[in-house]
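Below is one structure, written out as structure tokens; the observations come after it.
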Amino acid sequence: MSLSDAAFPDAPSPYELLSWYAEMGVTEALDETPHNHFTEPAPVPAERAGRPALRPLPGRAPAAARPMAAAATAPDEATLGAQALAREARTLDELKQALATFEGCALKATAKNLVFADGNPEGRVMMVGEAPGADEDRIGLPFVGRSGQLLDRMLAAIGLSRKEDVYIANLLPWRPPGNRTPTPQEVAICLPFIQRQIELADPDILVCVGAPSAQGLLGFKGIMASRGRWVEYDTGSRRIRAIATLHPAYLLRRPLDKRLAWRDLRALKAALDGKN
């Protein structure tokens, strides 16, 4: 048994690639060399050290007074607040409401919607992706864009459906601007919520989709080396089987790696059937 060509398309045309960039939030090229804007700021030159501080523009609050900056400067406090809120939630609905009121993550200020979950919370499989994309942010559900459509076809290839068999969520419930990779700080703040979500859903098998999810939940380093390997995940109430696989968005860019994802899917199917 193998996935059909419909499940994994051929290499995209230039038009499809540009469309994918637009879908991912890439609107313009700023430089030939990427820059990490989340590293520590460069030290102030000695000749500027004695100059008076610049005053904020009229009508504009200082950075420390703005919600996004405030959240970014207090990660420990935000993480502790997230842990407390997550522990208090007794149901998935309560957890969703707790996330809706949580103000400790700066991503909430730039996202259109909270993307909590989709699928069947009673399903035996829970899949956790990285973060919402443009379509997910607009609609408020995980995996609804091109990668979500591919994921549905992948599940169908092993006889599973999102509606009946699988509960789907993300490591982060808010979209990072431009679909950038979440920062370690953002993951740390949101981690208590997804951990509690897994505990409340109580699946038989956890599937981490993509590198950030595999690293954040399973501690894996490098998705290509760790995908397809079974480990145990402690939900807080019991230990369940867990596996990591490649993200559908990656497979849209690298369709030749579909053979690796197919091996992971076959391993998932065998585990559900009690064959491994």
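Each chain of the structure tokens is named A, B, ... in the order shown, its residues numbered from 1; ligands are numbered from 1 in display order.
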Next item on the list: Just list the residues in region 84-257 of chain A DSSP gives strand (DSSP E or B) on the backbone, as a VMD selection string.
Entry: chain A and resid 118 to 119 125 to 129 166 to 170 205 to 209 231 to 234 239 to 245
Write a file of the just-selected residues containing C-alpha atoms, as a tab-separated table (two decimals), in the first residue's frame.
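Written out: part22.tsv:
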```tsv
chain	number	residue	atom	x	y	z
A	118	ASP	CA	-10.07	20.67	15.40
A	119	GLY	CA	-11.17	17.09	14.92
A	125	VAL	CA	-4.69	9.91	17.90
A	126	MET	CA	-3.71	13.48	18.77
A	127	MET	CA	-1.55	15.39	16.30
A	128	VAL	CA	0.29	18.54	17.36
A	129	GLY	CA	1.74	20.86	14.74
A	166	VAL	CA	-7.89	12.41	15.10
A	167	TYR	CA	-7.73	15.43	17.39
A	168	ILE	CA	-5.50	18.20	16.03
A	169	ALA	CA	-3.84	21.13	17.78
A	170	ASN	CA	-0.67	23.23	17.61
A	205	ILE	CA	-0.96	8.01	20.56
A	206	LEU	CA	0.64	11.44	20.20
A	207	VAL	CA	2.02	12.48	16.80
A	208	CYS	CA	4.30	15.53	16.75
A	209	VAL	CA	4.14	17.10	13.30
A	231	VAL	CA	9.11	7.12	22.55
A	232	GLU	CA	6.89	7.48	25.61
A	233	TYR	CA	5.17	10.73	26.51
A	234	ASP	CA	3.93	11.40	30.04
A	239	ARG	CA	2.34	7.39	29.67
A	240	ILE	CA	1.41	7.04	26.00
A	241	ARG	CA	3.27	6.23	22.79
A	242	ALA	CA	4.56	9.16	20.76
A	243	ILE	CA	6.18	9.59	17.37
A	244	ALA	CA	7.37	12.52	15.26
A	245	THR	CA	6.87	12.99	11.53
```
Give me the residues within 12 Å of Ala267 (chain A) as a PDB file with N, CA, C and O atoms, in the first residue's frame, counting only C-alpha atoms and dropping any in the same chain fewer than 2 places off.
```pdb
ATOM      1  N   ILE A 158      -4.338   5.915   5.325  1.00  0.00           N
ATOM      2  CA  ILE A 158      -4.238   4.820   6.301  1.00  0.00           C
ATOM      3  C   ILE A 158      -5.585   4.601   7.009  1.00  0.00           C
ATOM      4  O   ILE A 158      -5.641   4.016   8.089  1.00  0.00           O
ATOM      5  N   ILE A 205      -2.220   7.744  21.266  1.00  0.00           N
ATOM      6  CA  ILE A 205      -0.964   8.010  20.556  1.00  0.00           C
ATOM      7  C   ILE A 205      -0.845   9.506  20.278  1.00  0.00           C
ATOM      8  O   ILE A 205      -1.809  10.141  19.840  1.00  0.00           O
ATOM      9  N   VAL A 207       1.196  12.298  17.993  1.00  0.00           N
ATOM     10  CA  VAL A 207       2.022  12.483  16.802  1.00  0.00           C
ATOM     11  C   VAL A 207       2.459  13.943  16.743  1.00  0.00           C
ATOM     12  O   VAL A 207       1.618  14.842  16.609  1.00  0.00           O
ATOM     13  N   ARG A 227      12.499  11.480  13.448  1.00  0.00           N
ATOM     14  CA  ARG A 227      11.176  11.103  12.974  1.00  0.00           C
ATOM     15  C   ARG A 227      11.082   9.575  12.847  1.00  0.00           C
ATOM     16  O   ARG A 227      12.067   8.892  12.565  1.00  0.00           O
ATOM     17  N   GLY A 228       9.882   9.060  13.075  1.00  0.00           N
ATOM     18  CA  GLY A 228       9.662   7.630  12.945  1.00  0.00           C
ATOM     19  C   GLY A 228      10.112   6.808  14.133  1.00  0.00           C
ATOM     20  O   GLY A 228       9.969   5.583  14.117  1.00  0.00           O
ATOM     21  N   ARG A 229      10.637   7.445  15.177  1.00  0.00           N
ATOM     22  CA  ARG A 229      11.136   6.712  16.351  1.00  0.00           C
ATOM     23  C   ARG A 229      10.114   6.805  17.481  1.00  0.00           C
ATOM     24  O   ARG A 229       9.716   7.891  17.885  1.00  0.00           O
ATOM     25  N   TRP A 230       9.702   5.670  17.996  1.00  0.00           N
ATOM     26  CA  TRP A 230       8.714   5.639  19.068  1.00  0.00           C
ATOM     27  C   TRP A 230       9.357   5.957  20.418  1.00  0.00           C
ATOM     28  O   TRP A 230      10.428   5.462  20.743  1.00  0.00           O
ATOM     29  N   ARG A 241       2.280   6.316  23.866  1.00  0.00           N
ATOM     30  CA  ARG A 241       3.266   6.227  22.794  1.00  0.00           C
ATOM     31  C   ARG A 241       3.260   7.523  21.985  1.00  0.00           C
ATOM     32  O   ARG A 241       2.203   8.142  21.787  1.00  0.00           O
ATOM     33  N   ALA A 242       4.432   7.924  21.534  1.00  0.00           N
ATOM     34  CA  ALA A 242       4.560   9.164  20.760  1.00  0.00           C
ATOM     35  C   ALA A 242       5.561   8.964  19.635  1.00  0.00           C
ATOM     36  O   ALA A 242       6.521   8.204  19.760  1.00  0.00           O
ATOM     37  N   ILE A 243       5.313   9.666  18.539  1.00  0.00           N
ATOM     38  CA  ILE A 243       6.177   9.588  17.365  1.00  0.00           C
ATOM     39  C   ILE A 243       6.184  10.949  16.679  1.00  0.00           C
ATOM     40  O   ILE A 243       5.217  11.709  16.783  1.00  0.00           O
ATOM     41  N   ALA A 244       7.272  11.263  16.007  1.00  0.00           N
ATOM     42  CA  ALA A 244       7.372  12.522  15.261  1.00  0.00           C
ATOM     43  C   ALA A 244       7.395  12.215  13.768  1.00  0.00           C
ATOM     44  O   ALA A 244       7.885  11.171  13.340  1.00  0.00           O
ATOM     45  N   THR A 245       6.858  13.141  12.981  1.00  0.00           N
ATOM     46  CA  THR A 245       6.869  12.991  11.529  1.00  0.00           C
ATOM     47  C   THR A 245       7.069  14.347  10.873  1.00  0.00           C
ATOM     48  O   THR A 245       7.054  15.388  11.539  1.00  0.00           O
ATOM     49  N   LEU A 260       9.471   9.042   3.449  1.00  0.00           N
ATOM     50  CA  LEU A 260       9.731   9.039   4.886  1.00  0.00           C
ATOM     51  C   LEU A 260       8.438   9.206   5.670  1.00  0.00           C
ATOM     52  O   LEU A 260       8.203   8.517   6.669  1.00  0.00           O
ATOM     53  N   ALA A 261       7.598  10.135   5.216  1.00  0.00           N
ATOM     54  CA  ALA A 261       6.308  10.342   5.886  1.00  0.00           C
ATOM     55  C   ALA A 261       5.439   9.089   5.776  1.00  0.00           C
ATOM     56  O   ALA A 261       4.701   8.751   6.713  1.00  0.00           O
ATOM     57  N   TRP A 262       5.518   8.404   4.640  1.00  0.00           N
ATOM     58  CA  TRP A 262       4.718   7.193   4.465  1.00  0.00           C
ATOM     59  C   TRP A 262       5.152   6.105   5.448  1.00  0.00           C
ATOM     60  O   TRP A 262       4.323   5.381   6.001  1.00  0.00           O
ATOM     61  N   ARG A 263       6.453   5.995   5.701  1.00  0.00           N
ATOM     62  CA  ARG A 263       6.926   5.036   6.705  1.00  0.00           C
ATOM     63  C   ARG A 263       6.350   5.369   8.079  1.00  0.00           C
ATOM     64  O   ARG A 263       5.946   4.479   8.829  1.00  0.00           O
ATOM     65  N   ASP A 264       6.316   6.666   8.414  1.00  0.00           N
ATOM     66  CA  ASP A 264       5.763   7.074   9.707  1.00  0.00           C
ATOM     67  C   ASP A 264       4.275   6.752   9.786  1.00  0.00           C
ATOM     68  O   ASP A 264       3.776   6.305  10.825  1.00  0.00           O
ATOM     69  N   LEU A 265       3.563   6.973   8.696  1.00  0.00           N
ATOM     70  CA  LEU A 265       2.129   6.686   8.672  1.00  0.00           C
ATOM     71  C   LEU A 265       1.869   5.185   8.824  1.00  0.00           C
ATOM     72  O   LEU A 265       0.931   4.775   9.529  1.00  0.00           O
ATOM     73  N   LYS A 269      -0.272   3.405  11.759  1.00  0.00           N
ATOM     74  CA  LYS A 269      -1.366   2.470  11.484  1.00  0.00           C
ATOM     75  C   LYS A 269      -1.126   1.130  12.180  1.00  0.00           C
ATOM     76  O   LYS A 269      -2.050   0.553  12.762  1.00  0.00           O
ATOM     77  N   ALA A 270       0.110   0.636  12.134  1.00  0.00           N
ATOM     78  CA  ALA A 270       0.436  -0.628  12.787  1.00  0.00           C
ATOM     79  C   ALA A 270       0.239  -0.539  14.302  1.00  0.00           C
ATOM     80  O   ALA A 270      -0.254  -1.485  14.936  1.00  0.00           O
ATOM     81  N   ALA A 271       0.611   0.612  14.887  1.00  0.00           N
ATOM     82  CA  ALA A 271       0.435   0.783  16.321  1.00  0.00           C
ATOM     83  C   ALA A 271      -1.059   0.805  16.700  1.00  0.00           C
ATOM     84  O   ALA A 271      -1.462   0.219  17.705  1.00  0.00           O
ATOM     85  N   LEU A 272      -1.857   1.463  15.892  1.00  0.00           N
ATOM     86  CA  LEU A 272      -3.300   1.495  16.159  1.00  0.00           C
ATOM     87  C   LEU A 272      -3.921   0.112  16.018  1.00  0.00           C
ATOM     88  O   LEU A 272      -4.877  -0.235  16.730  1.00  0.00           O
ATOM     89  N   ASP A 273      -3.369  -0.701  15.116  1.00  0.00           N
ATOM     90  CA  ASP A 273      -3.890  -2.054  14.919  1.00  0.00           C
ATOM     91  C   ASP A 273      -3.266  -3.070  15.869  1.00  0.00           C
ATOM     92  O   ASP A 273      -3.553  -4.266  15.805  1.00  0.00           O
ATOM     93  N   GLY A 274      -2.377  -2.583  16.763  1.00  0.00           N
ATOM     94  CA  GLY A 274      -1.746  -3.462  17.729  1.00  0.00           C
ATOM     95  C   GLY A 274      -0.692  -4.372  17.151  1.00  0.00           C
ATOM     96  O   GLY A 274      -0.376  -5.430  17.709  1.00  0.00           O
ATOM     97  N   LYS A 275      -0.069  -3.953  16.032  1.00  0.00           N
ATOM     98  CA  LYS A 275       0.932  -4.792  15.362  1.00  0.00           C
ATOM     99  C   LYS A 275       2.364  -4.400  15.684  1.00  0.00           C
ATOM    100  O   LYS A 275       3.294  -5.043  15.222  1.00  0.00           O
ATOM    101  N   ASN A 276       2.531  -3.321  16.439  1.00  0.00           N
ATOM    102  CA  ASN A 276       3.887  -2.992  16.881  1.00  0.00           C
ATOM    103  C   ASN A 276       3.854  -2.165  18.152  1.00  0.00           C
ATOM    104  O   ASN A 276       2.806  -1.758  18.595  1.00  0.00           O
TER     105      ASN A 276
END
```
Notebook entry, point to check: DSSP on the backbone: what in region 81-221 of chain A comes out alpha helix (DSSP H), as a PyMOL selection string?
Noted result: chain A and resi 81-88+92-101+107-110+134-139+146-156+184-201+211-218
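Distance check against Pro173 (chain A) using only C-alpha atoms: of A:Leu141, A:Val115, A:Ile189, A:Ala156, the minimum falls on A:Val115.
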Quick one: residues within 10 Å of Gln83 (chain A), only C-alpha atoms counted, chain neighbours fewer than 2 positions away excluded, as a PDB file with all heavy atoms, in the first residue's frame?
```pdb
ATOM      1  N   GLU A  77       7.574  35.287  34.353  1.00  0.00           N
ATOM      2  CA  GLU A  77       6.271  35.609  34.926  1.00  0.00           C
ATOM      3  C   GLU A  77       5.144  35.115  34.028  1.00  0.00           C
ATOM      4  O   GLU A  77       4.140  34.569  34.502  1.00  0.00           O
ATOM      5  CB  GLU A  77       6.158  37.127  35.126  1.00  0.00           C
ATOM      6  CG  GLU A  77       4.843  37.561  35.763  1.00  0.00           C
ATOM      7  CD  GLU A  77       4.787  39.059  35.970  1.00  0.00           C
ATOM      8  OE1 GLU A  77       5.838  39.717  35.859  1.00  0.00           O
ATOM      9  OE2 GLU A  77       3.687  39.577  36.242  1.00  0.00           O
ATOM     10  N   ALA A  78       5.299  35.284  32.706  1.00  0.00           N
ATOM     11  CA  ALA A  78       4.279  34.822  31.768  1.00  0.00           C
ATOM     12  C   ALA A  78       4.151  33.303  31.797  1.00  0.00           C
ATOM     13  O   ALA A  78       3.043  32.754  31.752  1.00  0.00           O
ATOM     14  CB  ALA A  78       4.603  35.301  30.355  1.00  0.00           C
ATOM     15  N   THR A  79       5.281  32.611  31.879  1.00  0.00           N
ATOM     16  CA  THR A  79       5.253  31.149  31.914  1.00  0.00           C
ATOM     17  C   THR A  79       4.585  30.643  33.187  1.00  0.00           C
ATOM     18  O   THR A  79       3.791  29.698  33.147  1.00  0.00           O
ATOM     19  CB  THR A  79       6.684  30.585  31.819  1.00  0.00           C
ATOM     20  OG1 THR A  79       7.288  31.047  30.599  1.00  0.00           O
ATOM     21  CG2 THR A  79       6.678  29.071  31.821  1.00  0.00           C
ATOM     22  N   LEU A  80       4.884  31.274  34.311  1.00  0.00           N
ATOM     23  CA  LEU A  80       4.244  30.885  35.574  1.00  0.00           C
ATOM     24  C   LEU A  80       2.743  31.133  35.525  1.00  0.00           C
ATOM     25  O   LEU A  80       1.950  30.321  36.015  1.00  0.00           O
ATOM     26  CB  LEU A  80       4.872  31.666  36.740  1.00  0.00           C
ATOM     27  CG  LEU A  80       6.314  31.305  37.088  1.00  0.00           C
ATOM     28  CD1 LEU A  80       6.856  32.232  38.158  1.00  0.00           C
ATOM     29  CD2 LEU A  80       6.402  29.854  37.556  1.00  0.00           C
ATOM     30  N   GLY A  81       2.348  32.241  34.904  1.00  0.00           N
ATOM     31  CA  GLY A  81       0.921  32.515  34.758  1.00  0.00           C
ATOM     32  C   GLY A  81       0.237  31.495  33.872  1.00  0.00           C
ATOM     33  O   GLY A  81      -0.892  31.054  34.147  1.00  0.00           O
ATOM     34  N   LEU A  85      -2.862  28.954  34.962  1.00  0.00           N
ATOM     35  CA  LEU A  85      -4.128  28.908  34.217  1.00  0.00           C
ATOM     36  C   LEU A  85      -4.398  27.520  33.653  1.00  0.00           C
ATOM     37  O   LEU A  85      -5.534  27.027  33.695  1.00  0.00           O
ATOM     38  CB  LEU A  85      -4.100  29.934  33.084  1.00  0.00           C
ATOM     39  CG  LEU A  85      -4.485  31.369  33.410  1.00  0.00           C
ATOM     40  CD1 LEU A  85      -4.333  32.236  32.162  1.00  0.00           C
ATOM     41  CD2 LEU A  85      -5.906  31.461  33.936  1.00  0.00           C
ATOM     42  N   ALA A  86      -3.364  26.892  33.118  1.00  0.00           N
ATOM     43  CA  ALA A  86      -3.534  25.571  32.525  1.00  0.00           C
ATOM     44  C   ALA A  86      -3.945  24.546  33.576  1.00  0.00           C
ATOM     45  O   ALA A  86      -4.812  23.698  33.326  1.00  0.00           O
ATOM     46  CB  ALA A  86      -2.240  25.142  31.834  1.00  0.00           C
ATOM     47  N   ARG A  87      -3.339  24.612  34.755  1.00  0.00           N
ATOM     48  CA  ARG A  87      -3.669  23.664  35.818  1.00  0.00           C
ATOM     49  C   ARG A  87      -5.115  23.799  36.282  1.00  0.00           C
ATOM     50  O   ARG A  87      -5.763  22.825  36.662  1.00  0.00           O
ATOM     51  CB  ARG A  87      -2.732  23.843  37.012  1.00  0.00           C
ATOM     52  CG  ARG A  87      -1.368  23.217  36.841  1.00  0.00           C
ATOM     53  CD  ARG A  87      -0.646  23.117  38.177  1.00  0.00           C
ATOM     54  NE  ARG A  87      -0.524  24.422  38.830  1.00  0.00           N
ATOM     55  CZ  ARG A  87       0.528  25.220  38.696  1.00  0.00           C
ATOM     56  NH1 ARG A  87       1.541  24.844  37.929  1.00  0.00           N
ATOM     57  NH2 ARG A  87       0.575  26.384  39.320  1.00  0.00           N
ATOM     58  N   GLU A  88      -5.624  25.019  36.246  1.00  0.00           N
ATOM     59  CA  GLU A  88      -6.987  25.262  36.734  1.00  0.00           C
ATOM     60  C   GLU A  88      -8.052  24.721  35.782  1.00  0.00           C
ATOM     61  O   GLU A  88      -9.176  24.467  36.195  1.00  0.00           O
ATOM     62  CB  GLU A  88      -7.206  26.762  36.945  1.00  0.00           C
ATOM     63  CG  GLU A  88      -6.388  27.346  38.088  1.00  0.00           C
ATOM     64  CD  GLU A  88      -6.475  28.859  38.142  1.00  0.00           C
ATOM     65  OE1 GLU A  88      -7.206  29.435  37.288  1.00  0.00           O
ATOM     66  OE2 GLU A  88      -5.830  29.469  39.009  1.00  0.00           O
ATOM     67  N   ILE A 189       6.301  29.848  26.925  1.00  0.00           N
ATOM     68  CA  ILE A 189       5.099  30.454  27.479  1.00  0.00           C
ATOM     69  C   ILE A 189       3.860  29.639  27.126  1.00  0.00           C
ATOM     70  O   ILE A 189       2.958  29.453  27.952  1.00  0.00           O
ATOM     71  CB  ILE A 189       4.957  31.913  26.983  1.00  0.00           C
ATOM     72  CG1 ILE A 189       6.056  32.786  27.590  1.00  0.00           C
ATOM     73  CG2 ILE A 189       3.587  32.482  27.318  1.00  0.00           C
ATOM     74  CD1 ILE A 189       6.123  34.181  27.006  1.00  0.00           C
ATOM     75  N   CYS A 190       3.797  29.114  25.909  1.00  0.00           N
ATOM     76  CA  CYS A 190       2.608  28.388  25.452  1.00  0.00           C
ATOM     77  C   CYS A 190       2.634  26.903  25.808  1.00  0.00           C
ATOM     78  O   CYS A 190       1.594  26.236  25.757  1.00  0.00           O
ATOM     79  CB  CYS A 190       2.453  28.545  23.936  1.00  0.00           C
ATOM     80  SG  CYS A 190       2.121  30.232  23.390  1.00  0.00           S
ATOM     81  N   LEU A 191       3.799  26.386  26.175  1.00  0.00           N
ATOM     82  CA  LEU A 191       3.940  24.948  26.417  1.00  0.00           C
ATOM     83  C   LEU A 191       2.986  24.405  27.483  1.00  0.00           C
ATOM     84  O   LEU A 191       2.412  23.323  27.295  1.00  0.00           O
ATOM     85  CB  LEU A 191       5.394  24.637  26.775  1.00  0.00           C
ATOM     86  CG  LEU A 191       5.807  23.165  26.752  1.00  0.00           C
ATOM     87  CD1 LEU A 191       5.571  22.555  25.374  1.00  0.00           C
ATOM     88  CD2 LEU A 191       7.269  23.009  27.160  1.00  0.00           C
ATOM     89  N   PRO A 192       2.781  25.094  28.617  1.00  0.00           N
ATOM     90  CA  PRO A 192       1.858  24.542  29.620  1.00  0.00           C
ATOM     91  C   PRO A 192       0.451  24.308  29.091  1.00  0.00           C
ATOM     92  O   PRO A 192      -0.232  23.368  29.525  1.00  0.00           O
ATOM     93  CB  PRO A 192       1.866  25.607  30.728  1.00  0.00           C
ATOM     94  CG  PRO A 192       3.169  26.316  30.578  1.00  0.00           C
ATOM     95  CD  PRO A 192       3.428  26.336  29.097  1.00  0.00           C
ATOM     96  N   PHE A 193       0.010  25.138  28.152  1.00  0.00           N
ATOM     97  CA  PHE A 193      -1.347  24.988  27.619  1.00  0.00           C
ATOM     98  C   PHE A 193      -1.467  23.744  26.738  1.00  0.00           C
ATOM     99  O   PHE A 193      -2.428  22.982  26.862  1.00  0.00           O
ATOM    100  CB  PHE A 193      -1.738  26.232  26.829  1.00  0.00           C
ATOM    101  CG  PHE A 193      -1.939  27.452  27.680  1.00  0.00           C
ATOM    102  CD1 PHE A 193      -1.037  28.503  27.639  1.00  0.00           C
ATOM    103  CD2 PHE A 193      -3.038  27.550  28.529  1.00  0.00           C
ATOM    104  CE1 PHE A 193      -1.218  29.631  28.430  1.00  0.00           C
ATOM    105  CE2 PHE A 193      -3.227  28.673  29.322  1.00  0.00           C
ATOM    106  CZ  PHE A 193      -2.317  29.718  29.277  1.00  0.00           C
ATOM    107  N   GLN A 195       0.477  21.122  26.794  1.00  0.00           N
ATOM    108  CA  GLN A 195       0.665  19.955  27.646  1.00  0.00           C
ATOM    109  C   GLN A 195      -0.627  19.598  28.377  1.00  0.00           C
ATOM    110  O   GLN A 195      -0.989  18.419  28.484  1.00  0.00           O
ATOM    111  CB  GLN A 195       1.795  20.214  28.646  1.00  0.00           C
ATOM    112  CG  GLN A 195       3.173  20.266  28.007  1.00  0.00           C
ATOM    113  CD  GLN A 195       4.254  20.684  28.983  1.00  0.00           C
ATOM    114  OE1 GLN A 195       4.011  21.449  29.924  1.00  0.00           O
ATOM    115  NE2 GLN A 195       5.476  20.206  28.763  1.00  0.00           N
ATOM    116  N   ARG A 196      -1.318  20.609  28.868  1.00  0.00           N
ATOM    117  CA  ARG A 196      -2.599  20.363  29.544  1.00  0.00           C
ATOM    118  C   ARG A 196      -3.651  19.885  28.548  1.00  0.00           C
ATOM    119  O   ARG A 196      -4.489  19.034  28.863  1.00  0.00           O
ATOM    120  CB  ARG A 196      -3.068  21.643  30.230  1.00  0.00           C
ATOM    121  CG  ARG A 196      -4.368  21.511  31.025  1.00  0.00           C
ATOM    122  CD  ARG A 196      -4.228  20.522  32.162  1.00  0.00           C
ATOM    123  NE  ARG A 196      -5.399  20.576  33.040  1.00  0.00           N
ATOM    124  CZ  ARG A 196      -5.802  19.570  33.809  1.00  0.00           C
ATOM    125  NH1 ARG A 196      -5.105  18.439  33.827  1.00  0.00           N
ATOM    126  NH2 ARG A 196      -6.861  19.699  34.570  1.00  0.00           N
TER     127      ARG A 196
END
```
Item checked: Nearest residue to Pro142 (chain A) from the set A:Leu218, A:Ala117, A:Ala201, A:Leu172 (distances using only C-alpha atoms) ->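 Comparing A:Leu218, A:Ala117, A:Ala201, A:Leu172 against Pro142 (chain A), the winner is A:Ala117.
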Checklist line | d(CA of Ala111 (chain A), CA of Gly219 (chain A)) in Å | finding: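 Value for the CA of Ala111 (chain A)-CA of Gly219 (chain A) distance: 26.9 Å.
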Next item on the list: Check the smallest atom-to-atom distance from each of A:Arg254, A:His247, A:Arg259, A:Lys112 to Arg175 (chain A) using only C-alpha atoms, then report the winner.
Entry: A:Lys112
Notebook entry, point to check: Counting only C-alpha atoms, which of A:Ser161, A:Thr181, A:Thr91, A:Thr101 gets nearest to Pro132 (chain A)?
Noted result: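 Comparing A:Ser161, A:Thr181, A:Thr91, A:Thr101 against Pro132 (chain A), the winner is A:Thr181.
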